[in-house]
Amino acid sequence: KCSTINFSTNGFESNSRWKGMKGMKKSREQLMNRHVITTTTKALRSIQIHTRLIVSFLMLSLMPLLIIAYMTYTNSSEDIKTKIESYSTQLMGEASKNLETELKHLESICEELVMTDVIQKELSNYNGLDVSNRYQIEDDITQKFVEKMRLSSFKASSDITSINILVDENTVLGSGQNNYQYSQLSALYKEVVTHENRKYHYDILTDLNGEFEIAIDMLVTNHVSGEVIGVLILTFKAAYVSEICESLALGDGSQIFILNDEGIVITSNNQKEIPSGGRFYDPHMWMKLQDNIATNFRSFPITLKNEKQLAVYEQVQEPGWTIIGTIPYAYIQAESRQLMKNIAFISLLCIFLAIPMIFIISYSISTPLLKLKVVMSQAKN
């Protein structure tokens, strides 16, 4: 019992000491705060009333201006960015639709040629014919292809460079500017025959002059028996597609280019920096593009060549292409920065005009107070 009482007494004394130390610490903090307030008050009192009034009026004038300027700049920047992003996305969507329309026209030409009698009936048994009959079929196909190239409507007739049909890897029939290495056509034949699930294949060919052209490949089958007849390859100039990129106006410093489903550049409006036939110079673009396609976001920020830019895109479903436009943030924020300069100029002008009024008002208040101070000093003496 005695030990228990002693233990309780020691605990009570410890709590009392702790509370006492806590109270002393709180008192010290209060004294320090009072000291700071007293020192600040004395320092302010040491400044003349006239000066204090001028500084107070200036602060009251500047604070609202600075807050309004900041809020205006922030809101306008976000609004302008949203409008440019929305406009660019809409523009890319329209370009995608126009490109799909043009490509469907070329696909329809391929469909018409595939369904002709010279291909469906005469070409089905090409390898089993004698030489004279083969020559006759070749002439018929060439004449049919040339006629189709001449009669093609719209601008496609001048952009189609060749139409060929490969019966096998070693037999090519057709017409046009066939200045390609045969290995390219043979590779296309193998690819189309291997991937029969896709109706149309879009590829890039390089002619002997080093010019890039786009090829539409499709598997040709007998519409009755389903037997494979060959592979039709229609080639056209890359300018047929690049004109759509060049017609888009997203702003100063913007770039528009088209990538296929493997990240290869089909065409662009700036061949020096983004040449056709190769991969885009920044691999992060392809990675971020795939992430945003998966989440269905039509725009995303990206840094290209140490410059922050806004990227917008739209997919072209049939060939598996993606039209991408990049807009520098410097262009997006140009109007906001100009607005900020205007706000700063107006604010400085208002302050400049307000300074005389501040001096007049401060003098009108401080002068009577100083006189009152003198009078009270004299009365005290």
# chains A, B, ... in the order shown; residues from 1 in each chain; ligands from 1
$ closest_atom_pairs --of "range 128-205 of chain A" --to "range 269-282 of chain A" --cutoff "12 Å" --atoms "only C-alpha atoms" --output "tab-separated table"
residue	atom	partner	partner_atom	distance
A:Asp203	CA	A:Gly277	CA	9.8
A:Ile204	CA	A:Gly277	CA	6.9
A:Leu205	CA	A:Gly277	CA	8.5
$ write_last_selection --atoms "N, CA and C atoms" --output "short mmCIF file (atom, residue, chain, number, x, y, z; two decimals), in the first residue's frame"
data_model
loop_
_atom_site.label_atom_id
_atom_site.label_comp_id
_atom_site.auth_asym_id
_atom_site.auth_seq_id
_atom_site.Cartn_x
_atom_site.Cartn_y
_atom_site.Cartn_z
N ASP A 203 0.23 0.78 -98.60
CA ASP A 203 1.67 0.70 -98.40
C ASP A 203 2.36 1.87 -99.10
N ILE A 204 3.63 2.05 -98.79
CA ILE A 204 4.44 3.10 -99.41
C ILE A 204 5.47 2.46 -100.33
N LEU A 205 5.54 2.94 -101.55
CA LEU A 205 6.54 2.47 -102.52
C LEU A 205 7.49 3.61 -102.86
#
$ residues_around --residues "Leu62 in chain A" --least-positions-apart "3" --cutoff "12 Å" --atoms "only C-alpha atoms" --output "PDB file with C-alpha atoms, in the first residue's frame"
ATOM      1  CA  VAL A  55       1.889  53.589 -49.068  1.00  0.00           C
ATOM      2  CA  SER A  56      -1.549  52.469 -47.868  1.00  0.00           C
ATOM      3  CA  PHE A  57      -3.327  54.141 -50.790  1.00  0.00           C
ATOM      4  CA  LEU A  58      -0.859  52.639 -53.262  1.00  0.00           C
ATOM      5  CA  MET A  59      -1.350  49.160 -51.820  1.00  0.00           C
ATOM      6  CA  LEU A  65      -5.394  45.659 -60.154  1.00  0.00           C
ATOM      7  CA  LEU A  66      -2.924  42.808 -59.704  1.00  0.00           C
ATOM      8  CA  ILE A  67      -5.656  40.330 -58.727  1.00  0.00           C
ATOM      9  CA  ILE A  68      -7.891  41.342 -61.637  1.00  0.00           C
ATOM     10  CA  ALA A  69      -4.944  41.205 -64.069  1.00  0.00           C
ATOM     11  CA  ALA A 344      -0.155  46.004 -67.551  1.00  0.00           C
ATOM     12  CA  SER A 347      -2.679  49.402 -64.843  1.00  0.00           C
ATOM     13  CA  LEU A 348       0.464  51.511 -64.975  1.00  0.00           C
ATOM     14  CA  LEU A 349      -1.473  54.330 -66.601  1.00  0.00           C
ATOM     15  CA  CYS A 350      -4.114  54.170 -63.858  1.00  0.00           C
ATOM     16  CA  ILE A 351      -1.420  54.188 -61.160  1.00  0.00           C
ATOM     17  CA  PHE A 352       0.340  57.100 -62.829  1.00  0.00           C
ATOM     18  CA  ALA A 354      -3.782  58.029 -59.352  1.00  0.00           C
ATOM     19  CA  ILE A 355      -0.477  59.140 -57.769  1.00  0.00           C
TER      20      ILE A 355
END
$ residues_around --residues "Lys199 in chain A" --least-positions-apart "2" --cutoff "12 Å" --atoms "only C-alpha atoms" --output "list in words"
Glu107, Cys110, Glu111, Val192, Val193, Thr194, His195, Glu196, Asn197, His201, Tyr202, Ile216, Asp217, Met218, Leu219, Val220, Thr221, Val231, Leu232, Glu318 and Pro319 of chain A
$ atom_distance --atom1 "CA of Leu339 in chain A" --atom2 "CA of Met357 in chain A"
27.3 Å
$ select_by_dssp --residues "range 234-301 of chain A" --states "helix (DSSP H, G or I)" --output "list of chain:residue names"
A:Ala239, A:Tyr240, A:Val241, A:Ser242, A:Glu243, A:Ile244, A:Cys245, A:Glu246, A:Ser247, A:Pro283, A:His284, A:Met285, A:Trp286, A:Met287, A:Lys288, A:Leu289, A:Gln290, A:Asp291, A:Asn292, A:Ile293, A:Ala294, A:Thr295
$ residues_around --residues "Met115 in chain A" --least-positions-apart "4" --cutoff "12 Å" --atoms "only C-alpha atoms" --output "PyMOL selection string"
chain A and resi 108-111+119-123+144+220-224+229+232
$ atom_distance --atom1 "CA of Ser86 in chain A" --atom2 "CA of Gly325 in chain A"
12.7 Å
$ residues_around --residues "Gly251 in chain A" --least-positions-apart "4" --cutoff "10 Å" --atoms "only C-alpha atoms" --output "ChimeraX atom specification"
/A:84,88,255,326-328,331-332
